[in-house]
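J.: Just my_file.cif, nothing more (mmCIF, C-alpha atoms and all ligand atoms):
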data_upload
#
loop_
_atom_site.label_atom_id
_atom_site.label_comp_id
_atom_site.auth_asym_id
_atom_site.auth_seq_id
_atom_site.Cartn_x
_atom_site.Cartn_y
_atom_site.Cartn_z
CA MET A 1 35.14 7.09 0.85
CA ASP A 2 33.73 6.59 -2.62
CA ASP A 3 34.80 2.97 -3.08
CA GLN A 4 32.53 1.37 -0.54
CA LEU A 5 28.84 0.94 -0.01
CA ILE A 6 27.38 1.43 3.46
CA ALA A 7 23.81 0.29 4.18
CA VAL A 8 22.05 0.68 7.52
CA ARG A 9 18.66 -0.61 8.59
CA ASP A 10 16.87 1.37 11.28
CA PRO A 11 16.94 -0.18 14.78
CA ASN A 12 13.21 -0.95 14.83
CA GLY A 13 13.23 -2.39 11.31
CA VAL A 14 10.37 -0.11 10.28
CA ARG A 15 11.50 -0.08 6.67
CA PRO A 16 12.61 -3.13 4.73
CA LEU A 17 16.19 -3.54 3.51
CA ILE A 18 17.25 -6.52 1.46
CA LEU A 19 20.63 -7.97 0.57
CA GLY A 20 21.12 -9.70 -2.77
CA GLU A 21 23.87 -10.75 -5.11
CA LEU A 22 24.58 -10.69 -8.83
CA HIS A 23 27.74 -12.16 -10.38
CA GLY A 24 29.49 -11.95 -7.02
CA ALA A 25 28.53 -8.31 -6.44
CA LYS A 26 26.41 -7.48 -3.40
CA ILE A 27 23.22 -5.49 -3.91
CA VAL A 28 21.12 -3.63 -1.34
CA THR A 29 17.52 -2.75 -2.09
CA SER A 30 14.22 -1.99 -0.40
CA GLU A 31 12.26 -4.80 -2.02
CA THR A 32 12.98 -8.25 -3.39
CA CYS A 33 11.21 -7.45 -6.68
CA ALA A 34 14.16 -5.21 -7.58
CA LEU A 35 16.44 -8.26 -7.41
CA ASP A 36 14.12 -10.23 -9.70
CA ILE A 37 14.14 -7.45 -12.28
CA ILE A 38 17.91 -7.54 -12.72
CA GLY A 39 18.24 -11.32 -12.28
CA ALA A 40 19.97 -11.09 -8.90
CA THR A 41 19.69 -13.64 -6.08
CA PHE A 42 18.06 -12.89 -2.74
CA ILE A 43 20.40 -13.49 0.19
CA ARG A 44 18.52 -12.20 3.24
CA ASP A 45 16.74 -9.32 4.93
CA LEU A 46 19.14 -7.10 6.83
CA ASP A 47 18.56 -7.43 10.56
CA HIS A 48 16.96 -4.54 12.39
CA GLY A 49 19.71 -2.10 13.33
CA GLU A 50 22.29 -3.89 11.19
CA MET A 51 24.93 -1.94 9.28
CA ILE A 52 26.89 -3.49 6.43
CA ILE A 53 29.95 -2.14 4.69
CA ILE A 54 30.73 -3.57 1.28
CA ASN A 55 34.01 -2.90 -0.48
CA GLN A 56 36.56 -4.76 -2.56
CA ASN A 57 37.62 -6.79 0.47
CA GLY A 58 34.12 -8.19 0.95
CA MET A 59 31.37 -7.34 3.38
CA ILE A 60 31.41 -6.72 7.09
CA SER A 61 28.32 -6.55 9.26
CA SER A 62 27.90 -4.81 12.61
CA ARG A 63 25.13 -3.66 14.95
CA PRO A 64 25.99 -0.16 16.09
CA PHE A 65 22.64 0.62 17.75
CA LYS A 66 21.06 -0.45 21.01
CA PRO A 67 18.60 -3.31 20.34
CA ALA A 68 15.04 -2.02 19.91
CA PRO A 69 11.65 -3.69 19.58
CA SER A 70 10.61 -4.76 16.12
CA LYS A 71 8.17 -2.32 14.51
CA PHE A 72 7.95 -3.27 10.87
CA CYS A 73 5.55 -1.01 8.96
CA ILE A 74 2.29 -2.93 8.57
CA PHE A 75 1.23 -0.60 5.74
CA GLU A 76 3.99 -2.11 3.59
CA TYR A 77 1.84 -5.24 3.35
CA VAL A 78 -1.30 -3.25 2.57
CA TYR A 79 -0.04 -0.83 -0.06
CA PHE A 80 3.55 0.42 -0.15
CA ALA A 81 5.41 -2.67 -1.27
CA ARG A 82 4.96 -4.23 -4.67
CA PRO A 83 2.86 -7.40 -4.60
CA ASP A 84 5.66 -9.44 -6.17
CA SER A 85 7.96 -8.70 -3.22
CA ILE A 86 8.62 -10.84 -0.17
CA LEU A 87 9.01 -8.83 3.02
CA GLU A 88 10.33 -10.33 6.25
CA THR A 89 9.71 -13.78 4.72
CA LYS A 90 6.03 -13.00 3.94
CA PRO A 91 4.92 -12.71 0.30
CA VAL A 92 3.10 -9.39 -0.08
CA TYR A 93 0.66 -10.82 -2.61
CA SER A 94 -0.50 -13.58 -0.24
CA ALA A 95 -0.77 -11.10 2.64
CA ARG A 96 -3.01 -8.83 0.56
CA LYS A 97 -5.27 -11.70 -0.47
CA ALA A 98 -5.54 -12.78 3.16
CA ILE A 99 -6.51 -9.22 4.17
CA GLY A 100 -9.21 -9.30 1.48
CA ARG A 101 -10.57 -12.56 2.90
CA GLU A 102 -10.70 -11.05 6.40
CA LEU A 103 -12.47 -8.01 5.01
CA ALA A 104 -15.11 -10.23 3.38
CA LYS A 105 -15.70 -12.02 6.69
CA GLU A 106 -15.96 -8.77 8.63
CA ALA A 107 -17.93 -6.72 6.10
CA PRO A 108 -20.05 -8.91 3.83
CA VAL A 109 -22.64 -7.35 1.55
CA GLU A 110 -25.28 -8.55 -0.92
CA ALA A 111 -23.71 -7.88 -4.31
CA ASP A 112 -23.25 -9.24 -7.82
CA LEU A 113 -19.51 -8.84 -8.27
CA VAL A 114 -16.26 -7.65 -6.75
CA CYS A 115 -14.05 -5.15 -8.59
CA PRO A 116 -10.60 -3.94 -7.57
CA VAL A 117 -9.48 -0.37 -7.86
CA PRO A 118 -6.44 -1.03 -10.06
CA ASP A 119 -3.72 -1.81 -9.55
CA SER A 120 -3.04 -1.86 -5.84
CA GLY A 121 -6.49 -3.13 -4.83
CA VAL A 122 -6.29 -6.25 -7.00
CA PRO A 123 -4.99 -8.94 -4.60
CA ALA A 124 -7.29 -7.81 -1.75
CA ALA A 125 -10.27 -7.85 -4.13
CA MET A 126 -9.35 -11.38 -5.21
CA GLY A 127 -9.27 -12.46 -1.57
CA TYR A 128 -12.59 -10.71 -0.88
CA ALA A 129 -14.28 -12.34 -3.89
CA GLU A 130 -12.92 -15.76 -2.95
CA ALA A 131 -14.19 -15.56 0.65
CA ALA A 132 -17.52 -13.97 -0.33
CA GLY A 133 -18.17 -16.47 -3.14
CA LEU A 134 -18.72 -13.62 -5.59
CA PRO A 135 -17.33 -13.22 -9.11
CA PHE A 136 -14.13 -11.20 -9.38
CA GLU A 137 -14.31 -8.88 -12.38
CA LEU A 138 -12.29 -6.00 -13.76
CA GLY A 139 -14.93 -3.30 -13.53
CA ILE A 140 -12.31 -0.59 -13.91
CA ILE A 141 -9.73 -0.96 -16.63
CA ARG A 142 -6.34 0.63 -16.37
CA ASN A 143 -4.93 1.67 -19.71
CA HIS A 144 -1.35 0.45 -19.71
CA TYR A 145 -0.72 1.84 -23.20
CA VAL A 146 -0.98 5.51 -22.29
CA GLY A 147 2.38 7.05 -21.63
CA ARG A 148 4.42 4.51 -23.58
CA THR A 149 7.22 6.25 -25.32
CA PHE A 150 6.46 4.87 -28.78
CA ILE A 151 3.00 6.46 -28.67
CA GLN A 152 3.48 10.20 -28.88
CA PRO A 153 0.16 11.82 -27.91
CA THR A 154 -0.84 15.15 -29.38
CA ASP A 155 -1.16 18.11 -27.04
CA ASN A 156 -4.95 17.72 -27.05
CA ILE A 157 -4.77 14.13 -25.94
CA ARG A 158 -2.10 14.97 -23.43
CA HIS A 159 -4.48 17.56 -22.03
CA LEU A 160 -7.06 14.84 -21.42
CA GLY A 161 -4.13 13.23 -19.77
CA VAL A 162 -4.62 11.01 -16.80
CA LYS A 163 -8.36 10.54 -17.35
CA LEU A 164 -7.35 8.15 -20.11
CA LYS A 165 -5.60 5.93 -17.64
CA HIS A 166 -8.69 4.47 -15.98
CA ASN A 167 -12.09 3.72 -17.42
CA ALA A 168 -15.14 1.94 -16.07
CA ASN A 169 -15.91 -1.31 -17.85
CA ARG A 170 -19.59 -0.57 -18.54
CA ALA A 171 -20.39 -3.98 -20.02
CA MET A 172 -19.36 -5.57 -16.74
CA ILE A 173 -20.92 -3.24 -14.19
CA GLU A 174 -24.07 -1.77 -15.73
CA GLY A 175 -27.09 -2.67 -13.60
CA LYS A 176 -24.89 -4.59 -11.11
CA ARG A 177 -24.37 -4.25 -7.38
CA VAL A 178 -20.64 -3.70 -7.24
CA VAL A 179 -18.20 -4.19 -4.36
CA LEU A 180 -15.23 -1.90 -5.01
CA VAL A 181 -12.09 -2.92 -3.12
CA ASP A 182 -9.25 -0.48 -2.55
CA ASP A 183 -6.25 -0.53 -0.21
CA SER A 184 -6.77 2.78 1.58
CA ILE A 185 -8.48 6.14 1.61
CA VAL A 186 -6.21 9.10 2.26
CA ARG A 187 -7.96 12.36 1.42
CA GLY A 188 -10.93 10.66 -0.21
CA THR A 189 -10.78 12.65 -3.44
CA THR A 190 -9.54 9.70 -5.51
CA SER A 191 -12.17 7.36 -4.11
CA ARG A 192 -14.94 9.85 -4.84
CA LYS A 193 -13.87 10.15 -8.47
CA ILE A 194 -13.69 6.41 -8.90
CA VAL A 195 -17.15 5.97 -7.41
CA ASP A 196 -18.54 8.71 -9.70
CA MET A 197 -17.04 6.90 -12.66
CA VAL A 198 -18.55 3.55 -11.67
CA ARG A 199 -21.98 5.09 -11.06
CA ALA A 200 -21.82 6.93 -14.39
CA ALA A 201 -21.24 3.55 -16.03
CA GLY A 202 -24.58 2.35 -14.64
CA ALA A 203 -23.74 0.42 -11.46
CA ALA A 204 -26.95 -0.22 -9.49
CA GLU A 205 -25.17 -0.05 -6.14
CA VAL A 206 -21.60 0.71 -5.11
CA HIS A 207 -20.20 -0.74 -1.89
CA MET A 208 -16.67 0.31 -0.96
CA ARG A 209 -14.47 -2.06 1.03
CA ILE A 210 -11.02 -0.94 2.22
CA SER A 211 -8.24 -3.38 3.00
CA SER A 212 -6.72 -1.24 5.75
CA PRO A 213 -8.22 0.37 8.86
CA PRO A 214 -9.04 4.09 8.53
CA THR A 215 -5.90 6.18 8.01
CA ALA A 216 -6.51 8.77 10.70
CA HIS A 217 -2.93 9.67 11.70
CA SER A 218 0.15 10.87 9.83
CA CYS A 219 3.29 8.79 9.44
CA TYR A 220 6.55 10.13 10.91
CA TYR A 221 8.60 7.08 10.09
CA GLY A 222 9.62 7.63 6.50
CA ILE A 223 6.37 7.86 4.54
CA ASP A 224 5.38 11.27 3.30
CA THR A 225 1.70 11.20 4.23
CA PRO A 226 -0.44 14.34 4.30
CA GLU A 227 -0.88 16.29 7.50
CA GLN A 228 -3.44 14.80 9.84
CA LYS A 229 -6.00 17.55 9.17
CA GLU A 230 -6.05 16.47 5.50
CA LEU A 231 -6.85 12.84 6.27
CA LEU A 232 -10.50 12.03 5.61
CA ALA A 233 -10.67 9.53 8.48
CA HIS A 234 -9.41 12.19 10.89
CA THR A 235 -12.05 14.75 10.04
CA HIS A 236 -15.03 12.48 9.23
CA ASN A 237 -16.76 9.56 10.94
CA LEU A 238 -17.73 6.47 8.94
CA ASP A 239 -21.16 7.80 7.92
CA GLU A 240 -19.69 11.13 6.85
CA MET A 241 -17.00 9.36 4.83
CA LYS A 242 -19.67 7.24 3.15
CA GLU A 243 -21.54 10.41 2.19
CA PHE A 244 -18.38 12.16 1.01
CA ILE A 245 -17.34 9.29 -1.22
CA GLY A 246 -20.90 8.73 -2.42
CA VAL A 247 -21.25 4.98 -1.81
CA ASP A 248 -24.16 2.85 -0.63
CA SER A 249 -21.96 1.34 2.09
CA LEU A 250 -18.41 1.71 3.30
CA ALA A 251 -16.37 -0.61 5.53
CA TYR A 252 -12.74 -1.00 6.49
CA VAL A 253 -10.92 -4.08 7.71
CA SER A 254 -10.43 -3.86 11.49
CA LEU A 255 -6.99 -3.62 13.10
CA ASP A 256 -7.47 -7.10 14.57
CA GLY A 257 -8.55 -8.37 11.15
CA LEU A 258 -5.41 -6.93 9.61
CA TYR A 259 -3.28 -8.70 12.21
CA ARG A 260 -5.19 -11.96 11.72
CA ALA A 261 -4.48 -11.78 8.00
CA LEU A 262 -0.78 -11.50 8.81
CA GLY A 263 -0.88 -14.57 11.01
CA GLU A 264 -1.40 -13.10 14.50
CA ALA A 265 -4.41 -14.00 16.65
CA LYS A 266 -5.16 -10.30 17.22
CA ARG A 267 -3.49 -6.98 17.75
CA ASN A 268 -1.46 -6.90 20.92
CA ASN A 269 -0.03 -3.43 21.19
CA GLU A 270 2.54 -4.28 23.85
CA GLN A 271 4.03 -7.18 21.95
CA SER A 272 3.22 -6.34 18.35
CA GLN A 273 6.08 -6.69 15.92
CA TYR A 274 4.42 -4.10 13.66
CA CYS A 275 4.02 -0.34 13.57
CA ASP A 276 0.37 0.55 12.92
CA ALA A 277 0.49 4.18 14.11
CA CYS A 278 -1.27 5.69 11.10
CA PHE A 279 -4.32 3.58 11.99
CA SER A 280 -4.09 3.39 15.78
CA GLY A 281 -2.27 6.61 16.70
CA ASP A 282 0.08 4.51 18.86
CA TYR A 283 3.49 5.90 17.96
CA ALA A 284 5.67 3.19 19.48
CA ILE A 285 8.87 4.96 18.47
CA GLU A 286 9.19 8.23 20.31
CA LEU A 287 8.73 11.39 18.26
CA THR A 288 11.55 13.58 19.42
CA ASP A 289 10.41 16.91 18.00
CA GLN A 290 7.49 18.53 16.23
CA ASN A 291 8.74 17.77 12.76
CA PRO A 292 10.91 14.73 13.18
CA MET A 293 11.01 13.38 9.64
CA PRO A 294 12.89 14.97 6.81
CA LYS A 295 10.38 14.43 4.03
CA SER A 296 12.94 13.87 1.34
CA THR A 297 14.29 10.34 1.46
CA SER A 298 14.33 8.73 -1.93
CA ARG A 299 11.89 6.03 -0.81
CA SER A 300 9.45 8.65 0.47
CA LYS A 301 9.75 10.47 -2.80
CA ILE A 302 8.97 7.31 -4.74
CA LEU A 303 5.98 6.54 -2.53
CA ARG A 304 4.75 10.10 -2.72
CA SER A 305 5.02 10.00 -6.45
CA ARG A 306 3.06 6.71 -6.52
CA GLU A 307 0.36 8.34 -4.39
CA ASN A 308 0.35 11.47 -6.54
CA ASN A 309 0.06 9.33 -9.66
CA LYS A 310 -2.84 7.50 -8.10
CA LEU A 311 -4.55 10.82 -7.38
CA ALA A 312 -3.64 12.31 -10.72
CA GLU A 313 -4.92 9.33 -12.64
CA GLN A 314 -8.44 10.12 -11.48
CA ARG A 315 -8.36 13.84 -12.15
S1 LIG A 401 2.81 5.15 10.78
FE1 LIG A 401 1.82 3.84 9.25
S2 LIG A 401 2.96 4.15 7.35
FE2 LIG A 401 4.21 4.93 9.03
S3 LIG A 401 5.55 3.24 9.61
FE3 LIG A 401 3.76 3.14 10.95
S4 LIG A 401 2.32 1.78 9.86
FE4 LIG A 401 3.86 2.41 8.40
#
Now that the file is in, can you turn its structure into structure tokens?

T.:
Amino acid sequence: MDDQLIAVRDPNGVRPLILGELHGAKIVTSETCALDIIGATFIRDLDHGEMIIINQNGMISSRPFKPAPSKFCIFEYVYFARPDSILETKPVYSARKAIGRELAKEAPVEADLVCPVPDSGVPAAMGYAEAAGLPFELGIIRNHYVGRTFIQPTDNIRHLGVKLKHNANRAMIEGKRVVLVDDSIVRGTTSRKIVDMVRAAGAAEVHMRISSPPTAHSCYYGIDTPEQKELLAHTHNLDEMKEFIGVDSLAYVSLDGLYRALGEAKRNNEQSQYCDACFSGDYAIELTDQNPMPKSTSRSKILRSRENNKLAEQR
């Protein structure tokens, strides 16, 4: 029927699904920030396994699936969600700062300043700087003017393309020992280019700190990650990754540290409310065939495009 909206959240609640309202009309979205943008009101998260049907008679809710353990994607807090969203009652921005603080406790380093890899590394870098007692500085500037429709670049400039999007802030980092904070390393190519850029701008030392554990496994639960053989953390140990990226030191937050930042004493695989399979390899939801995920949901496409943009920006 084309006069009703049906929304279903997966039984384990891996992906977020939010219900909102605007002028009496119900709205379903993946993140609360989408409600803010259109001036809608947040009502609630859909329950895991809940199905709602909205039509002109109102809304009915049902639970057509067998109850299943909660396995909310922990990577949403690290990277996927926007920082101005609230997921499962937790503000993403605060979660990212807390992860940064844990990272500083676990992997301190003598340095002069802390710089985020913009934009997704910003809240974690703020948390790291706060806990480490180091200045937080924008050592890499993202050019938000490139690509605006009222600026029509010539073909030559377009050819330079994405390199214009990020630039090292030489005045801030020249001669300094820099802690670079990013949310994750996937293939490592982006990180290597960023490090090259920071070194070329005269940084005395570059220490990379990552606000997630090593991404060593692919996701089969709705995120279009590369195959496992393409993941740097699958094919390299920590020392090899450090060499590949070209940093003076490299450290990731631990799985327990990530859980602590989200308010749990430590990771408890049996009882954890989160999926962390891309870090731990523990696929709590059974994979029923070799290629279980159609890699074409709109959310995966958006996330893939965000990741591609991130990669492209450094090319
Ligand atoms: S495998 Fe990773 S990205 Fe996929 S749902 Fe689990 S935590 Fe999230």

J.: Excluding same-chain residues fewer than 6 positions from Ser85 of chain A, what lies within 7 Å of it counting all atoms listed in the file, as number ranges by chain?

T.: A: 31-33, 91-92

J.: Just the residues within 12 Å of segment 275-284 of chain A, please, counting only C-alpha atoms, with nothing from its chain fewer than 6 positions along; format it as an mmCIF file with C-alpha atoms, keeping the file's coordinate frame.

T.:
data_model
loop_
_atom_site.group_PDB
_atom_site.id
_atom_site.type_symbol
_atom_site.label_atom_id
_atom_site.label_comp_id
_atom_site.auth_asym_id
_atom_site.auth_seq_id
_atom_site.Cartn_x
_atom_site.Cartn_y
_atom_site.Cartn_z
ATOM 1 C CA ASN A 12 13.210 -0.950 14.830
ATOM 2 C CA GLY A 13 13.230 -2.390 11.310
ATOM 3 C CA VAL A 14 10.370 -0.110 10.280
ATOM 4 C CA ARG A 15 11.500 -0.080 6.670
ATOM 5 C CA ALA A 68 15.040 -2.020 19.910
ATOM 6 C CA PRO A 69 11.650 -3.690 19.580
ATOM 7 C CA SER A 70 10.610 -4.760 16.120
ATOM 8 C CA LYS A 71 8.170 -2.320 14.510
ATOM 9 C CA PHE A 72 7.950 -3.270 10.870
ATOM 10 C CA CYS A 73 5.550 -1.010 8.960
ATOM 11 C CA ILE A 74 2.290 -2.930 8.570
ATOM 12 C CA PHE A 75 1.230 -0.600 5.740
ATOM 13 C CA GLU A 76 3.990 -2.110 3.590
ATOM 14 C CA TYR A 77 1.840 -5.240 3.350
ATOM 15 C CA VAL A 78 -1.300 -3.250 2.570
ATOM 16 C CA SER A 184 -6.770 2.780 1.580
ATOM 17 C CA ILE A 185 -8.480 6.140 1.610
ATOM 18 C CA VAL A 186 -6.210 9.100 2.260
ATOM 19 C CA SER A 212 -6.720 -1.240 5.750
ATOM 20 C CA PRO A 213 -8.220 0.370 8.860
ATOM 21 C CA PRO A 214 -9.040 4.090 8.530
ATOM 22 C CA THR A 215 -5.900 6.180 8.010
ATOM 23 C CA ALA A 216 -6.510 8.770 10.700
ATOM 24 C CA HIS A 217 -2.930 9.670 11.700
ATOM 25 C CA SER A 218 0.150 10.870 9.830
ATOM 26 C CA CYS A 219 3.290 8.790 9.440
ATOM 27 C CA TYR A 220 6.550 10.130 10.910
ATOM 28 C CA TYR A 221 8.600 7.080 10.090
ATOM 29 C CA GLY A 222 9.620 7.630 6.500
ATOM 30 C CA ILE A 223 6.370 7.860 4.540
ATOM 31 C CA ASP A 224 5.380 11.270 3.300
ATOM 32 C CA THR A 225 1.700 11.200 4.230
ATOM 33 C CA PRO A 226 -0.440 14.340 4.300
ATOM 34 C CA GLU A 227 -0.880 16.290 7.500
ATOM 35 C CA GLN A 228 -3.440 14.800 9.840
ATOM 36 C CA LEU A 231 -6.850 12.840 6.270
ATOM 37 C CA ALA A 233 -10.670 9.530 8.480
ATOM 38 C CA HIS A 234 -9.410 12.190 10.890
ATOM 39 C CA TYR A 252 -12.740 -1.000 6.490
ATOM 40 C CA VAL A 253 -10.920 -4.080 7.710
ATOM 41 C CA SER A 254 -10.430 -3.860 11.490
ATOM 42 C CA LEU A 255 -6.990 -3.620 13.100
ATOM 43 C CA ASP A 256 -7.470 -7.100 14.570
ATOM 44 C CA LEU A 258 -5.410 -6.930 9.610
ATOM 45 C CA TYR A 259 -3.280 -8.700 12.210
ATOM 46 C CA ARG A 267 -3.490 -6.980 17.750
ATOM 47 C CA ASN A 268 -1.460 -6.900 20.920
ATOM 48 C CA ASN A 269 -0.030 -3.430 21.190
#

J.: Skip Gly121 of chain A itself and residues of its chain fewer than 6 positions away, then list as an NGL selection string all residues within 9 Å of it, counting all atoms listed in the file.

T.: :A and (79 or 96 or 115 or 180-184 or 210-211)

J.: Tell me which protein, DNA and RNA residues are within 12 Å of Glu137 of chain A, counting all atoms listed in the file, leaving out same-chain ones fewer than 5 positions away, and put them as a list in words.

T.: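 My reading of the contact set: Asp112, Leu113, Val114, Cys115, Pro116, Val117, Pro118, Val122, Ala125, Met126, Tyr128, Ala129, Glu130, Ala168, Asn169, Arg170, Ala171, Met172, Ile173, Lys176, Val178, Val179, Leu180 and Val181 of chain A.
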
J.: Pick from A:Leu232, A:Leu138, A:Ala34, A:Leu250: nearest to Val198 of chain A, with only C-alpha atoms counted?

T.: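 Ranking A:Leu232, A:Leu138, A:Ala34, A:Leu250 by distance to Val198 of chain A, first place goes to A:Leu138.
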
J.: Just give me the gap between atom CA of Glu21 of chain A and atom CA of Ser62 of chain A in Å, one decimal is fine.

T.: 19.1 Å

J.: Would you kindly identify which residues have an atom no farther than 12 Å from (-15.4, 3.6, -17.4), using all atoms listed in the file and the file's own coordinates, and write them out as a ChimeraX atom specification?

T.: /A:117,138-143,163-174,193-203,314

J.: My list of candidates is A:Pro16, A:Pro123, A:Pro108, A:Gly100. Which is closest to ligand LIG 401 (chain A) when distances are computed with all atoms listed in the file?

T.: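 Selected residue with least distance to ligand LIG 401 (chain A): A:Pro16.
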
J.: Calculated over only C-alpha atoms, which of the candidates A:Gly175, A:Thr189, A:Phe136, A:Glu50 has the smallest distance to Lys66 of chain A?

T.: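 Once distances to Lys66 of chain A are computed over only C-alpha atoms, the minimum belongs to A:Glu50.
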
J.: With all atoms listed in the file as the atoms that count, which of A:Leu35, A:Ala261, A:Ala81, A:Ala98 lies nearest to ligand LIG 401 (chain A)?

T.: A:Ala81

J.: Have a look at atom CA of Lys97 of chain A and atom CA of Ala124 of chain A and let me know their distance in Å, one decimal.

T.: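 Between atom CA of Lys97 of chain A and atom CA of Ala124 of chain A the gap is 4.6 Å.
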
J.: Quick one, how far is atom CA of Asp47 of chain A from atom CA of Arg9 of chain A?

T.: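 Between atom CA of Asp47 of chain A and atom CA of Arg9 of chain A the gap works out to 7.1 Å.
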
J.: I need the residue nearest Asp3 of chain A from this list: A:Ile53, A:Met241, A:Leu22, A:Ala40. Use all atoms listed in the file for the distance.

T.: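 Among the listed residues, the smallest separation from Asp3 of chain A belongs to A:Ile53.
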
J.: Identify which of the residues A:Asp84, A:Leu19, A:Asp239, A:Gln273 lies closest to ligand LIG 401 (chain A), counting all atoms listed in the file when measuring atom-to-atom distances.

T.: A:Gln273
